[in-house]
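Participant: Mind having a look at this structure? Questions to follow.
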Amino acid sequence: MSSHLVKVCKVHDIPVNLGVGALVKGEQVALFHLPTGEIYALGNFDPFSEANVLSRGLIGDLQGQKVVASPIYKHHFNLQTGECLEDAGVKVPSYAVVVEGGEVFLRV
């Protein structure tokens with residue numbers, strides 16, 4: 001199965017140090033813009049609270065990993081891999097992000 005790039009938004013549509021939600025090919029995605037300029041994308045669905053809330057989580061660094069903390073039960077998800085730090089058996093989807101000309105694309 002091949003993947004392709006889907007345009008999601010402009011870089012400036014994602015506030016630094018915050019997340020935003022987007023609907024990409026029928027799936028809710030949480031996009032995060034770090035102060036370094038890096039942008040990460042995870043599935044927005046928090047499997048612990050069973051709600052689409054990860055885009056409203058706090059981003060930071062925990063155990064040397066860039067993470068988002070779910071706003072409900074505070075589980076931490078690695079921004080690169082989607083793995084949960086508190087429960088290694090739980091993972092949310094992670095998406096490759098490509099930034100070109102100020103536009104954000106996801107590889108899906």
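Following the order of the structure tokens, chains are lettered A, B, ..., residues in each are numbered from 1, and ligands are numbered from 1.
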May I have the residues within 9 Å of A:Phe48 as number ranges by chain, using only C-alpha atoms and disregarding those fewer than 3 positions away in the same chain?
Facilitator: A: 45, 51, 72-73, 75
Participant: List the neighbours of A:Gln65 out to 12 Å using only C-alpha atoms; skip same-chain residues closer than 5 positions along the sequence, and give me the result as number ranges by chain.
Facilitator: A: 59-60, 76-85
Participant: Generate the output file for the selected residues, N, CA and C atoms, as a PDB file, in the first residue's frame.
Facilitator:
```pdb
ATOM      1  N   ILE A  59       2.145  19.790  25.940  1.00  0.00           N
ATOM      2  CA  ILE A  59       3.347  19.198  25.373  1.00  0.00           C
ATOM      3  C   ILE A  59       4.545  19.525  26.255  1.00  0.00           C
ATOM      4  N   GLY A  60       5.505  18.621  26.266  1.00  0.00           N
ATOM      5  CA  GLY A  60       6.682  18.828  27.089  1.00  0.00           C
ATOM      6  C   GLY A  60       7.701  17.735  26.864  1.00  0.00           C
ATOM      7  N   HIS A  76       1.013  10.078  29.177  1.00  0.00           N
ATOM      8  CA  HIS A  76       1.943  10.745  28.273  1.00  0.00           C
ATOM      9  C   HIS A  76       2.175   9.895  27.031  1.00  0.00           C
ATOM     10  N   PHE A  77       2.089  10.546  25.864  1.00  0.00           N
ATOM     11  CA  PHE A  77       2.309   9.856  24.596  1.00  0.00           C
ATOM     12  C   PHE A  77       3.498  10.487  23.878  1.00  0.00           C
ATOM     13  N   ASN A  78       4.419   9.647  23.429  1.00  0.00           N
ATOM     14  CA  ASN A  78       5.598  10.105  22.699  1.00  0.00           C
ATOM     15  C   ASN A  78       5.145  10.737  21.383  1.00  0.00           C
ATOM     16  N   LEU A  79       5.600  11.962  21.119  1.00  0.00           N
ATOM     17  CA  LEU A  79       5.169  12.677  19.918  1.00  0.00           C
ATOM     18  C   LEU A  79       5.700  12.054  18.629  1.00  0.00           C
ATOM     19  N   GLN A  80       6.792  11.317  18.703  1.00  0.00           N
ATOM     20  CA  GLN A  80       7.355  10.704  17.503  1.00  0.00           C
ATOM     21  C   GLN A  80       6.740   9.346  17.195  1.00  0.00           C
ATOM     22  N   THR A  81       6.491   8.562  18.240  1.00  0.00           N
ATOM     23  CA  THR A  81       6.052   7.176  18.022  1.00  0.00           C
ATOM     24  C   THR A  81       4.596   6.913  18.405  1.00  0.00           C
ATOM     25  N   GLY A  82       4.001   7.773  19.246  1.00  0.00           N
ATOM     26  CA  GLY A  82       2.640   7.551  19.731  1.00  0.00           C
ATOM     27  C   GLY A  82       2.560   6.610  20.913  1.00  0.00           C
ATOM     28  N   GLU A  83       3.715   6.079  21.377  1.00  0.00           N
ATOM     29  CA  GLU A  83       3.711   5.123  22.485  1.00  0.00           C
ATOM     30  C   GLU A  83       3.404   5.818  23.811  1.00  0.00           C
ATOM     31  N   CYS A  84       2.642   5.126  24.651  1.00  0.00           N
ATOM     32  CA  CYS A  84       2.301   5.631  25.979  1.00  0.00           C
ATOM     33  C   CYS A  84       3.440   5.314  26.939  1.00  0.00           C
ATOM     34  N   LEU A  85       3.916   6.315  27.670  1.00  0.00           N
ATOM     35  CA  LEU A  85       5.025   6.097  28.598  1.00  0.00           C
ATOM     36  C   LEU A  85       4.597   5.292  29.819  1.00  0.00           C
TER      37      LEU A  85
END
```
Participant: Ranking A:Ala69, A:Leu62, A:Val98, A:Val11 by minimum distance to A:His33 and counting only C-alpha atoms, which one comes first?
Facilitator: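 For A:His33, the nearest of the given residues is A:Val11.
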Participant: Nearest to A:Val108 among A:Asn17, A:Ser70, A:Ser55, A:Ser94, with distances taken over only C-alpha atoms: which residue is it?
Facilitator: A:Ser94
Participant: Could you tell me which of A:Asp87, A:Asp46, A:Glu27, A:Asp13 comes closest to A:Gly102 if we count only C-alpha atoms?
Facilitator: A:Asp13
Participant: Please list as an NGL selection string every residue within 12 Å of A:Val97, counting only C-alpha atoms and excluding residues in the same chain fewer than 6 positions away.
Facilitator: :A and (4-9 or 11 or 29-33 or 38-42 or 79-80 or 103-108)
Participant: Just C-alpha atoms for this one: save the residues we selected as a PDB file, in the first residue's frame.
Facilitator:
```pdb
ATOM      1  CA  HIS A   4       0.895  10.077  -0.208  1.00  0.00           C
ATOM      2  CA  LEU A   5       0.964  13.589   1.210  1.00  0.00           C
ATOM      3  CA  VAL A   6      -2.222  15.296   2.335  1.00  0.00           C
ATOM      4  CA  LYS A   7      -2.203  19.056   2.891  1.00  0.00           C
ATOM      5  CA  VAL A   8      -3.559  19.855   6.353  1.00  0.00           C
ATOM      6  CA  CYS A   9      -2.913  23.510   7.178  1.00  0.00           C
ATOM      7  CA  VAL A  11       2.420  26.201   9.902  1.00  0.00           C
ATOM      8  CA  VAL A  29      -5.472  14.073  14.072  1.00  0.00           C
ATOM      9  CA  ALA A  30      -3.737  16.180  16.733  1.00  0.00           C
ATOM     10  CA  LEU A  31      -0.967  18.464  15.432  1.00  0.00           C
ATOM     11  CA  PHE A  32       1.651  19.936  17.772  1.00  0.00           C
ATOM     12  CA  HIS A  33       4.064  22.825  17.091  1.00  0.00           C
ATOM     13  CA  GLU A  38       9.195  20.882  14.809  1.00  0.00           C
ATOM     14  CA  ILE A  39       5.648  19.729  14.078  1.00  0.00           C
ATOM     15  CA  TYR A  40       4.307  16.343  15.141  1.00  0.00           C
ATOM     16  CA  ALA A  41       1.032  14.576  14.415  1.00  0.00           C
ATOM     17  CA  LEU A  42      -0.725  11.864  16.432  1.00  0.00           C
ATOM     18  CA  LEU A  79       5.169  12.677  19.918  1.00  0.00           C
ATOM     19  CA  GLN A  80       7.355  10.704  17.503  1.00  0.00           C
ATOM     20  CA  GLU A 103       2.370  24.333   4.537  1.00  0.00           C
ATOM     21  CA  VAL A 104       1.933  21.223   6.712  1.00  0.00           C
ATOM     22  CA  PHE A 105       1.391  17.878   5.011  1.00  0.00           C
ATOM     23  CA  LEU A 106       0.838  14.441   6.535  1.00  0.00           C
ATOM     24  CA  ARG A 107       1.995  11.223   4.939  1.00  0.00           C
ATOM     25  CA  VAL A 108      -1.014   8.903   4.974  1.00  0.00           C
TER      26      VAL A 108
END
```
Participant: Where in chain A does DSSP assign strand (DSSP E), given as a PyMOL selection string?
Facilitator: chain A and resi 5-10+19-24+27-33+39-43+45-46+51-52+58-62+65-69+76-78+94-100+103-107
Participant: Hey, which of A:Gly43, A:Ser3, A:Val67, A:His12 ends up closest to A:Gly101? Count only C-alpha atoms.
Facilitator: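 Ranking A:Gly43, A:Ser3, A:Val67, A:His12 by distance to A:Gly101, first place goes to A:His12.
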Participant: Step one, run DSSP on the backbone; step two, keep only residues of chain A assigned to helix (DSSP H, G or I); then write them as a PDB file with N, CA, C and O atoms, in the first residue's frame.
Facilitator:
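Contents of the output file part_20.pdb:
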```pdb
ATOM      1  N   VAL A  11       1.669  26.295   8.652  1.00  0.00           N
ATOM      2  CA  VAL A  11       2.420  26.201   9.902  1.00  0.00           C
ATOM      3  C   VAL A  11       1.887  27.208  10.915  1.00  0.00           C
ATOM      4  O   VAL A  11       1.686  26.882  12.086  1.00  0.00           O
ATOM      5  N   HIS A  12       1.606  28.435  10.471  1.00  0.00           N
ATOM      6  CA  HIS A  12       1.156  29.462  11.423  1.00  0.00           C
ATOM      7  C   HIS A  12      -0.263  29.218  11.965  1.00  0.00           C
ATOM      8  O   HIS A  12      -0.696  29.916  12.875  1.00  0.00           O
ATOM      9  N   ASP A  13      -0.959  28.220  11.439  1.00  0.00           N
ATOM     10  CA  ASP A  13      -2.278  27.850  11.982  1.00  0.00           C
ATOM     11  C   ASP A  13      -2.158  27.042  13.276  1.00  0.00           C
ATOM     12  O   ASP A  13      -3.159  26.831  13.964  1.00  0.00           O
ATOM     13  N   LEU A  54      -6.508  14.571  22.612  1.00  0.00           N
ATOM     14  CA  LEU A  54      -5.061  14.733  22.708  1.00  0.00           C
ATOM     15  C   LEU A  54      -4.594  16.086  22.180  1.00  0.00           C
ATOM     16  O   LEU A  54      -3.595  16.628  22.652  1.00  0.00           O
ATOM     17  N   SER A  55      -5.310  16.678  21.228  1.00  0.00           N
ATOM     18  CA  SER A  55      -4.913  17.987  20.705  1.00  0.00           C
ATOM     19  C   SER A  55      -4.979  19.070  21.783  1.00  0.00           C
ATOM     20  O   SER A  55      -4.370  20.122  21.644  1.00  0.00           O
ATOM     21  N   ARG A  56      -5.689  18.808  22.862  1.00  0.00           N
ATOM     22  CA  ARG A  56      -5.820  19.771  23.965  1.00  0.00           C
ATOM     23  C   ARG A  56      -4.848  19.479  25.107  1.00  0.00           C
ATOM     24  O   ARG A  56      -4.878  20.128  26.145  1.00  0.00           O
TER      25      ARG A  56
END
```
Participant: Which is closest to A:Val90 among A:Ala22, A:Pro47, A:Val16, A:Asp61, if we use only C-alpha atoms?
Facilitator: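 Among the listed residues, A:Pro47 lies closest to A:Val90.
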Participant: My list of candidates is A:Gly64, A:Pro15, A:Asn44, A:Pro71. Which is closest to A:Lys91 when distances are computed with only C-alpha atoms?
Facilitator: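 Among A:Gly64, A:Pro15, A:Asn44, A:Pro71, it is A:Asn44 that comes nearest to A:Lys91.
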